[in-house]
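Quick look at structure-v7.txt (compact mmCIF, N, CA and C atoms):
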# COMPACT_ATOMS: atom_id res chain seq x y z
N MET A 1 -160.30 4.50 224.06
CA MET A 1 -159.56 5.60 223.49
C MET A 1 -158.17 5.09 223.09
N SER A 2 -157.81 5.28 221.85
CA SER A 2 -156.51 4.80 221.38
C SER A 2 -155.41 5.76 221.79
N GLU A 3 -154.16 5.25 221.80
CA GLU A 3 -153.04 6.10 222.16
C GLU A 3 -152.87 7.25 221.17
N LYS A 4 -153.21 7.04 219.93
CA LYS A 4 -153.03 8.08 218.92
C LYS A 4 -153.97 9.26 219.15
N ALA A 5 -155.08 9.05 219.82
CA ALA A 5 -156.04 10.13 220.07
C ALA A 5 -155.59 11.02 221.23
N ILE A 6 -154.65 10.55 222.04
CA ILE A 6 -154.18 11.32 223.19
C ILE A 6 -152.99 12.18 222.75
N PRO A 7 -153.02 13.50 223.05
CA PRO A 7 -151.87 14.35 222.71
C PRO A 7 -150.59 13.82 223.35
N ARG A 8 -149.47 14.00 222.65
CA ARG A 8 -148.19 13.45 223.10
C ARG A 8 -147.81 13.91 224.51
N ASP A 9 -147.96 15.21 224.81
CA ASP A 9 -147.61 15.73 226.13
C ASP A 9 -148.42 15.04 227.22
N LEU A 10 -149.72 14.88 226.98
CA LEU A 10 -150.59 14.26 227.96
C LEU A 10 -150.21 12.80 228.15
N MET A 11 -149.84 12.13 227.04
CA MET A 11 -149.44 10.73 227.14
C MET A 11 -148.20 10.58 228.02
N GLU A 12 -147.23 11.50 227.87
CA GLU A 12 -146.02 11.45 228.68
C GLU A 12 -146.36 11.66 230.15
N GLU A 13 -147.25 12.61 230.42
CA GLU A 13 -147.63 12.89 231.80
C GLU A 13 -148.35 11.70 232.41
N LEU A 14 -149.17 11.03 231.63
CA LEU A 14 -149.87 9.85 232.14
C LEU A 14 -148.88 8.72 232.41
N LYS A 15 -147.85 8.62 231.59
CA LYS A 15 -146.83 7.59 231.80
C LYS A 15 -146.12 7.79 233.14
N ILE A 16 -145.79 9.04 233.45
CA ILE A 16 -145.08 9.30 234.70
C ILE A 16 -145.98 9.00 235.89
N LEU A 17 -147.26 9.25 235.76
CA LEU A 17 -148.19 8.93 236.84
C LEU A 17 -148.28 7.42 237.03
N GLN A 18 -148.35 6.68 235.92
CA GLN A 18 -148.40 5.22 236.01
C GLN A 18 -147.11 4.66 236.60
N LYS A 19 -145.96 5.22 236.19
CA LYS A 19 -144.67 4.77 236.76
C LYS A 19 -144.62 5.05 238.26
N THR A 20 -145.20 6.17 238.66
CA THR A 20 -145.22 6.51 240.08
C THR A 20 -146.10 5.53 240.85
N PHE A 21 -147.25 5.19 240.30
CA PHE A 21 -148.11 4.19 240.94
C PHE A 21 -147.37 2.86 241.08
N ASP A 22 -146.68 2.45 240.02
CA ASP A 22 -145.93 1.19 240.04
C ASP A 22 -144.84 1.23 241.12
N MET A 23 -144.13 2.37 241.18
CA MET A 23 -143.07 2.51 242.18
C MET A 23 -143.65 2.47 243.59
N MET A 24 -144.78 3.15 243.80
CA MET A 24 -145.41 3.17 245.13
C MET A 24 -145.89 1.78 245.52
N ASP A 25 -146.42 1.05 244.56
CA ASP A 25 -146.88 -0.31 244.83
C ASP A 25 -145.71 -1.17 245.32
N TYR A 26 -144.59 -1.07 244.65
CA TYR A 26 -143.40 -1.81 245.05
C TYR A 26 -142.90 -1.33 246.41
N ALA A 27 -142.88 -0.02 246.60
CA ALA A 27 -142.34 0.57 247.82
C ALA A 27 -143.15 0.18 249.05
N TYR A 28 -144.46 0.19 248.94
CA TYR A 28 -145.28 -0.15 250.10
C TYR A 28 -145.03 -1.60 250.54
N LYS A 29 -144.80 -2.47 249.58
CA LYS A 29 -144.47 -3.86 249.93
C LYS A 29 -143.11 -3.95 250.61
N ALA A 30 -142.16 -3.15 250.13
CA ALA A 30 -140.83 -3.14 250.73
C ALA A 30 -140.88 -2.53 252.14
N LEU A 31 -141.66 -1.48 252.29
CA LEU A 31 -141.77 -0.81 253.60
C LEU A 31 -142.41 -1.72 254.65
N ALA A 32 -143.27 -2.61 254.22
CA ALA A 32 -143.93 -3.53 255.15
C ALA A 32 -142.91 -4.44 255.84
N GLN A 33 -141.75 -4.59 255.24
CA GLN A 33 -140.72 -5.46 255.80
C GLN A 33 -139.69 -4.70 256.64
N PHE A 34 -139.88 -3.39 256.80
CA PHE A 34 -138.98 -2.61 257.65
C PHE A 34 -139.19 -3.03 259.10
N PRO A 35 -138.19 -2.83 259.95
CA PRO A 35 -138.35 -3.17 261.36
C PRO A 35 -139.47 -2.33 262.00
N LYS A 36 -140.09 -2.90 263.00
CA LYS A 36 -141.20 -2.25 263.68
C LYS A 36 -140.80 -0.87 264.21
N SER A 37 -139.57 -0.75 264.63
CA SER A 37 -139.09 0.52 265.19
C SER A 37 -139.10 1.66 264.17
N GLU A 38 -139.13 1.32 262.88
CA GLU A 38 -139.10 2.34 261.82
C GLU A 38 -140.47 2.60 261.19
N LYS A 39 -141.47 1.84 261.59
CA LYS A 39 -142.80 1.96 260.98
C LYS A 39 -143.38 3.36 261.14
N PHE A 40 -143.07 4.04 262.26
CA PHE A 40 -143.65 5.35 262.50
C PHE A 40 -142.60 6.46 262.40
N ALA A 41 -141.47 6.14 261.82
CA ALA A 41 -140.43 7.14 261.64
C ALA A 41 -140.06 7.23 260.16
N LEU A 42 -139.07 6.46 259.75
CA LEU A 42 -138.59 6.51 258.37
C LEU A 42 -139.69 6.12 257.37
N CYS A 43 -140.47 5.11 257.69
CA CYS A 43 -141.55 4.68 256.78
C CYS A 43 -142.54 5.80 256.53
N VAL A 44 -142.91 6.52 257.57
CA VAL A 44 -143.86 7.62 257.42
C VAL A 44 -143.27 8.72 256.54
N ASP A 45 -141.98 9.04 256.75
CA ASP A 45 -141.33 10.06 255.93
C ASP A 45 -141.30 9.65 254.45
N ILE A 46 -141.00 8.39 254.19
CA ILE A 46 -140.94 7.89 252.81
C ILE A 46 -142.33 7.93 252.17
N LYS A 47 -143.34 7.48 252.91
CA LYS A 47 -144.70 7.48 252.38
C LYS A 47 -145.17 8.90 252.09
N ARG A 48 -144.87 9.82 252.98
CA ARG A 48 -145.26 11.22 252.77
C ARG A 48 -144.58 11.78 251.52
N CYS A 49 -143.32 11.44 251.34
CA CYS A 49 -142.56 11.90 250.17
C CYS A 49 -143.18 11.34 248.88
N MET A 50 -143.52 10.06 248.88
CA MET A 50 -144.12 9.45 247.68
C MET A 50 -145.49 10.06 247.40
N ASP A 51 -146.27 10.32 248.45
CA ASP A 51 -147.57 10.97 248.27
C ASP A 51 -147.41 12.35 247.66
N THR A 52 -146.41 13.08 248.13
CA THR A 52 -146.16 14.42 247.60
C THR A 52 -145.75 14.36 246.13
N ILE A 53 -144.96 13.36 245.76
CA ILE A 53 -144.58 13.19 244.36
C ILE A 53 -145.82 12.99 243.51
N MET A 54 -146.70 12.11 243.95
CA MET A 54 -147.93 11.86 243.19
C MET A 54 -148.78 13.14 243.09
N GLU A 55 -148.89 13.87 244.19
CA GLU A 55 -149.67 15.12 244.20
C GLU A 55 -149.08 16.13 243.22
N ARG A 56 -147.76 16.28 243.22
CA ARG A 56 -147.12 17.26 242.32
C ARG A 56 -147.30 16.88 240.85
N ILE A 57 -147.28 15.59 240.55
CA ILE A 57 -147.50 15.15 239.17
C ILE A 57 -148.91 15.54 238.73
N ILE A 58 -149.89 15.28 239.58
CA ILE A 58 -151.27 15.61 239.25
C ILE A 58 -151.44 17.12 239.12
N GLU A 59 -150.83 17.87 240.04
CA GLU A 59 -150.92 19.34 239.97
C GLU A 59 -150.29 19.87 238.69
N ALA A 60 -149.11 19.39 238.37
CA ALA A 60 -148.41 19.86 237.17
C ALA A 60 -149.21 19.52 235.92
N ASN A 61 -149.86 18.39 235.92
CA ASN A 61 -150.67 17.98 234.78
C ASN A 61 -151.85 18.93 234.57
N LYS A 62 -152.38 19.47 235.66
CA LYS A 62 -153.57 20.31 235.59
C LYS A 62 -153.27 21.80 235.43
N LYS A 63 -152.07 22.23 235.79
CA LYS A 63 -151.74 23.66 235.77
C LYS A 63 -151.27 24.11 234.39
N TYR A 64 -151.57 25.36 234.08
CA TYR A 64 -151.07 25.95 232.84
C TYR A 64 -149.60 26.31 233.00
N TYR A 65 -149.26 26.98 234.11
CA TYR A 65 -147.87 27.31 234.42
C TYR A 65 -147.33 26.23 235.34
N LYS A 66 -146.41 25.45 234.84
CA LYS A 66 -145.97 24.25 235.53
C LYS A 66 -144.60 24.37 236.19
N LYS A 67 -143.83 25.40 235.86
CA LYS A 67 -142.42 25.47 236.24
C LYS A 67 -142.18 25.24 237.73
N THR A 68 -142.85 25.99 238.58
CA THR A 68 -142.63 25.87 240.02
C THR A 68 -143.02 24.49 240.53
N THR A 69 -144.16 23.99 240.06
CA THR A 69 -144.62 22.66 240.49
C THR A 69 -143.64 21.58 240.05
N LEU A 70 -143.12 21.70 238.84
CA LEU A 70 -142.15 20.70 238.36
C LEU A 70 -140.85 20.78 239.15
N GLN A 71 -140.44 21.98 239.54
CA GLN A 71 -139.24 22.11 240.37
C GLN A 71 -139.47 21.47 241.74
N GLU A 72 -140.66 21.67 242.31
CA GLU A 72 -140.99 21.04 243.59
C GLU A 72 -141.01 19.52 243.44
N LEU A 73 -141.54 19.05 242.33
CA LEU A 73 -141.58 17.61 242.05
C LEU A 73 -140.16 17.05 241.97
N ASP A 74 -139.28 17.77 241.29
CA ASP A 74 -137.89 17.34 241.16
C ASP A 74 -137.21 17.23 242.53
N VAL A 75 -137.48 18.19 243.40
CA VAL A 75 -136.92 18.17 244.77
C VAL A 75 -137.43 16.94 245.53
N GLU A 76 -138.71 16.64 245.42
CA GLU A 76 -139.29 15.49 246.13
C GLU A 76 -138.68 14.18 245.64
N VAL A 77 -138.44 14.08 244.34
CA VAL A 77 -137.82 12.86 243.80
C VAL A 77 -136.41 12.71 244.36
N GLU A 78 -135.67 13.80 244.47
CA GLU A 78 -134.33 13.74 245.05
C GLU A 78 -134.38 13.33 246.52
N LYS A 79 -135.38 13.84 247.25
CA LYS A 79 -135.54 13.45 248.66
C LYS A 79 -135.83 11.96 248.76
N LEU A 80 -136.69 11.45 247.87
CA LEU A 80 -137.01 10.02 247.91
C LEU A 80 -135.78 9.18 247.62
N LYS A 81 -134.96 9.61 246.66
CA LYS A 81 -133.71 8.90 246.38
C LYS A 81 -132.85 8.81 247.64
N ALA A 82 -132.77 9.91 248.37
CA ALA A 82 -131.98 9.94 249.60
C ALA A 82 -132.57 9.00 250.65
N TYR A 83 -133.88 9.00 250.80
CA TYR A 83 -134.53 8.10 251.77
C TYR A 83 -134.29 6.63 251.42
N VAL A 84 -134.39 6.30 250.15
CA VAL A 84 -134.17 4.92 249.73
C VAL A 84 -132.73 4.52 250.00
N ARG A 85 -131.80 5.40 249.68
CA ARG A 85 -130.37 5.13 249.93
C ARG A 85 -130.12 4.97 251.43
N LEU A 86 -130.72 5.82 252.25
CA LEU A 86 -130.57 5.72 253.69
C LEU A 86 -131.12 4.39 254.21
N SER A 87 -132.27 3.99 253.69
CA SER A 87 -132.88 2.72 254.10
C SER A 87 -131.95 1.55 253.80
N TYR A 88 -131.32 1.60 252.64
CA TYR A 88 -130.36 0.55 252.26
C TYR A 88 -129.14 0.58 253.18
N ASN A 89 -128.59 1.78 253.39
CA ASN A 89 -127.39 1.92 254.24
C ASN A 89 -127.64 1.46 255.67
N LEU A 90 -128.87 1.65 256.16
CA LEU A 90 -129.21 1.22 257.52
C LEU A 90 -129.53 -0.27 257.60
N GLY A 91 -129.56 -0.94 256.46
CA GLY A 91 -129.79 -2.37 256.43
C GLY A 91 -131.26 -2.77 256.42
N PHE A 92 -132.16 -1.81 256.13
CA PHE A 92 -133.59 -2.12 256.11
C PHE A 92 -134.03 -2.68 254.76
N LEU A 93 -133.22 -2.46 253.73
CA LEU A 93 -133.53 -2.95 252.38
C LEU A 93 -132.44 -3.91 251.91
N PRO A 94 -132.82 -5.11 251.47
CA PRO A 94 -131.81 -5.98 250.85
C PRO A 94 -131.36 -5.38 249.50
N THR A 95 -130.21 -5.79 249.05
CA THR A 95 -129.62 -5.22 247.83
C THR A 95 -130.56 -5.29 246.64
N LYS A 96 -131.21 -6.43 246.43
CA LYS A 96 -132.08 -6.57 245.26
C LYS A 96 -133.25 -5.58 245.31
N LYS A 97 -133.87 -5.45 246.47
CA LYS A 97 -134.99 -4.50 246.61
C LYS A 97 -134.50 -3.07 246.43
N TYR A 98 -133.33 -2.77 246.96
CA TYR A 98 -132.75 -1.44 246.79
C TYR A 98 -132.53 -1.14 245.30
N ASP A 99 -131.95 -2.11 244.59
CA ASP A 99 -131.69 -1.92 243.16
C ASP A 99 -132.97 -1.66 242.38
N ILE A 100 -134.00 -2.43 242.67
CA ILE A 100 -135.26 -2.28 241.95
C ILE A 100 -135.92 -0.95 242.29
N TRP A 101 -136.04 -0.67 243.57
CA TRP A 101 -136.73 0.55 244.01
C TRP A 101 -135.98 1.80 243.55
N SER A 102 -134.67 1.82 243.74
CA SER A 102 -133.91 3.00 243.32
C SER A 102 -133.95 3.16 241.80
N GLY A 103 -133.98 2.04 241.07
CA GLY A 103 -134.12 2.12 239.61
C GLY A 103 -135.43 2.74 239.19
N LEU A 104 -136.50 2.41 239.89
CA LEU A 104 -137.81 3.01 239.60
C LEU A 104 -137.80 4.50 239.89
N VAL A 105 -137.18 4.89 240.99
CA VAL A 105 -137.12 6.31 241.36
C VAL A 105 -136.25 7.08 240.35
N VAL A 106 -135.15 6.50 239.93
CA VAL A 106 -134.28 7.15 238.94
C VAL A 106 -135.04 7.34 237.63
N GLU A 107 -135.80 6.34 237.23
CA GLU A 107 -136.59 6.44 236.00
C GLU A 107 -137.60 7.58 236.10
N ILE A 108 -138.26 7.70 237.24
CA ILE A 108 -139.20 8.81 237.44
C ILE A 108 -138.46 10.14 237.39
N GLY A 109 -137.28 10.18 237.99
CA GLY A 109 -136.47 11.40 237.96
C GLY A 109 -136.11 11.82 236.54
N LYS A 110 -135.77 10.85 235.71
CA LYS A 110 -135.45 11.15 234.31
C LYS A 110 -136.69 11.68 233.58
N MET A 111 -137.84 11.11 233.88
CA MET A 111 -139.07 11.58 233.26
C MET A 111 -139.39 13.01 233.70
N VAL A 112 -139.15 13.31 234.97
CA VAL A 112 -139.38 14.67 235.47
C VAL A 112 -138.42 15.63 234.76
N GLY A 113 -137.16 15.23 234.62
CA GLY A 113 -136.19 16.07 233.91
C GLY A 113 -136.61 16.35 232.48
N GLY A 114 -137.12 15.34 231.80
CA GLY A 114 -137.61 15.52 230.44
C GLY A 114 -138.81 16.45 230.39
N TRP A 115 -139.68 16.32 231.38
CA TRP A 115 -140.87 17.17 231.45
C TRP A 115 -140.46 18.64 231.66
N ILE A 116 -139.47 18.84 232.55
CA ILE A 116 -138.98 20.20 232.80
C ILE A 116 -138.37 20.78 231.52
N LYS A 117 -137.58 19.98 230.82
CA LYS A 117 -136.97 20.46 229.55
C LYS A 117 -138.03 20.79 228.52
N SER A 118 -139.08 19.97 228.45
CA SER A 118 -140.13 20.22 227.45
C SER A 118 -140.90 21.51 227.76
N GLN A 119 -140.95 21.90 229.03
CA GLN A 119 -141.65 23.13 229.42
C GLN A 119 -140.79 24.36 229.16
N ALA A 120 -139.48 24.19 229.05
CA ALA A 120 -138.56 25.31 228.85
C ALA A 120 -138.62 25.86 227.43
N LYS A 121 -139.20 25.08 226.54
CA LYS A 121 -139.27 25.50 225.12
C LYS A 121 -140.22 26.64 224.92

Would you put the structure from the file into structure tokens?
Amino acid sequence: MSEKAIPRDLMEELKILQKTFDMMDYAYKALAQFPKSEKFALCVDIKRCMDTIMERIIEANKKYYKKTTLQELDVEVEKLKAYVRLSYNLGFLPTKKYDIWSGLVVEIGKMVGGWIKSQAK
């Protein structure tokens, strides 16, 4: 199936899902290097947050009325930003990993913002 055959809105939604998969792939590798003491605390919270982001993207893609789901998605992205920042501040993430991971989360946040604006029309 060529890109031209896919409606523009659907293509954008698929891009955000792919970006989320890419971010999660990177994040799971970074989380594996967290101290053992955080494996069942902060790591679990971060993983749950990322799972919720993926779930909300899929839900919003399937729903006719998306506003509430997109708002919930936006909140989850903000929570993930806070978790990543906290991980860095606590010294669990080196600067380079923090820069990459937070950049991926910011990019997803911008895509969510664009999706919300496109639904407001």

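As for CA of Ile46 in chain A and CA of Ala120 in chain A, they are spaced 29.7 Å apart.
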
Q) Excluding same-chain residues fewer than 4 positions from range 98-107 of chain A, what lies within 9 Å of it counting only C-alpha atoms, as a list in words? A)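 What passes the distance filter is Lys19, Thr20, Asp22, Met23, Tyr26, Ala27, Ala30, Val77, Glu78, Leu80, Lys81, Val84, Arg85, Ser87, Tyr88, Leu93, Pro94, Met111 and Val112 of chain A.
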
Based on the selection just made, write N, CA and C atoms of those residues as an mmCIF file, in the frame of the given file.
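Generated file (out.cif):
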data_model
loop_
_atom_site.group_PDB
_atom_site.id
_atom_site.type_symbol
_atom_site.label_atom_id
_atom_site.label_comp_id
_atom_site.auth_asym_id
_atom_site.auth_seq_id
_atom_site.Cartn_x
_atom_site.Cartn_y
_atom_site.Cartn_z
ATOM 1 N N LYS A 19 -145.960 5.220 236.190
ATOM 2 C CA LYS A 19 -144.670 4.770 236.760
ATOM 3 C C LYS A 19 -144.620 5.050 238.260
ATOM 4 N N THR A 20 -145.200 6.170 238.660
ATOM 5 C CA THR A 20 -145.220 6.510 240.080
ATOM 6 C C THR A 20 -146.100 5.530 240.850
ATOM 7 N N ASP A 22 -146.680 2.450 240.020
ATOM 8 C CA ASP A 22 -145.930 1.190 240.040
ATOM 9 C C ASP A 22 -144.840 1.230 241.120
ATOM 10 N N MET A 23 -144.130 2.370 241.180
ATOM 11 C CA MET A 23 -143.070 2.510 242.180
ATOM 12 C C MET A 23 -143.650 2.470 243.590
ATOM 13 N N TYR A 26 -144.590 -1.070 244.650
ATOM 14 C CA TYR A 26 -143.400 -1.810 245.050
ATOM 15 C C TYR A 26 -142.900 -1.330 246.410
ATOM 16 N N ALA A 27 -142.880 -0.020 246.600
ATOM 17 C CA ALA A 27 -142.340 0.570 247.820
ATOM 18 C C ALA A 27 -143.150 0.180 249.050
ATOM 19 N N ALA A 30 -142.160 -3.150 250.130
ATOM 20 C CA ALA A 30 -140.830 -3.140 250.730
ATOM 21 C C ALA A 30 -140.880 -2.530 252.140
ATOM 22 N N VAL A 77 -138.440 14.080 244.340
ATOM 23 C CA VAL A 77 -137.820 12.860 243.800
ATOM 24 C C VAL A 77 -136.410 12.710 244.360
ATOM 25 N N GLU A 78 -135.670 13.800 244.470
ATOM 26 C CA GLU A 78 -134.330 13.740 245.050
ATOM 27 C C GLU A 78 -134.380 13.330 246.520
ATOM 28 N N LEU A 80 -136.690 11.450 247.870
ATOM 29 C CA LEU A 80 -137.010 10.020 247.910
ATOM 30 C C LEU A 80 -135.780 9.180 247.620
ATOM 31 N N LYS A 81 -134.960 9.610 246.660
ATOM 32 C CA LYS A 81 -133.710 8.900 246.380
ATOM 33 C C LYS A 81 -132.850 8.810 247.640
ATOM 34 N N VAL A 84 -134.390 6.300 250.150
ATOM 35 C CA VAL A 84 -134.170 4.920 249.730
ATOM 36 C C VAL A 84 -132.730 4.520 250.000
ATOM 37 N N ARG A 85 -131.800 5.400 249.680
ATOM 38 C CA ARG A 85 -130.370 5.130 249.930
ATOM 39 C C ARG A 85 -130.120 4.970 251.430
ATOM 40 N N SER A 87 -132.270 3.990 253.690
ATOM 41 C CA SER A 87 -132.880 2.720 254.100
ATOM 42 C C SER A 87 -131.950 1.550 253.800
ATOM 43 N N TYR A 88 -131.320 1.600 252.640
ATOM 44 C CA TYR A 88 -130.360 0.550 252.260
ATOM 45 C C TYR A 88 -129.140 0.580 253.180
ATOM 46 N N LEU A 93 -133.220 -2.460 253.730
ATOM 47 C CA LEU A 93 -133.530 -2.950 252.380
ATOM 48 C C LEU A 93 -132.440 -3.910 251.910
ATOM 49 N N PRO A 94 -132.820 -5.110 251.470
ATOM 50 C CA PRO A 94 -131.810 -5.980 250.850
ATOM 51 C C PRO A 94 -131.360 -5.380 249.500
ATOM 52 N N MET A 111 -137.840 11.110 233.880
ATOM 53 C CA MET A 111 -139.070 11.580 233.260
ATOM 54 C C MET A 111 -139.390 13.010 233.700
ATOM 55 N N VAL A 112 -139.150 13.310 234.970
ATOM 56 C CA VAL A 112 -139.380 14.670 235.470
ATOM 57 C C VAL A 112 -138.420 15.630 234.760
#

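Nearest residue to Glu76 in chain A among A:Ile116, A:Met24, A:Cys43, A:Ile57 is A:Ile57, counting only C-alpha atoms.
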
(Q) Just checking: using all atoms listed in the file, which residue out of A:Tyr64, A:Phe21, A:Phe40, A:Phe34 ends up closest to Gly91 in chain A? (A) A:Phe34

Q: Looking only at alpha helix (DSSP H) from DSSP on the backbone, list the matching residues of chain A as an MDAnalysis selection string.
A: chainID A and resid 8:31 42:62 67:89 95:120

Q: May I ask which of the residues A:Ile53, A:Leu31, A:Val75, A:Leu42 is the closest one to Leu17 in chain A, counting only C-alpha atoms?
A: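 Smallest separation from Leu17 in chain A among the options: A:Ile53.
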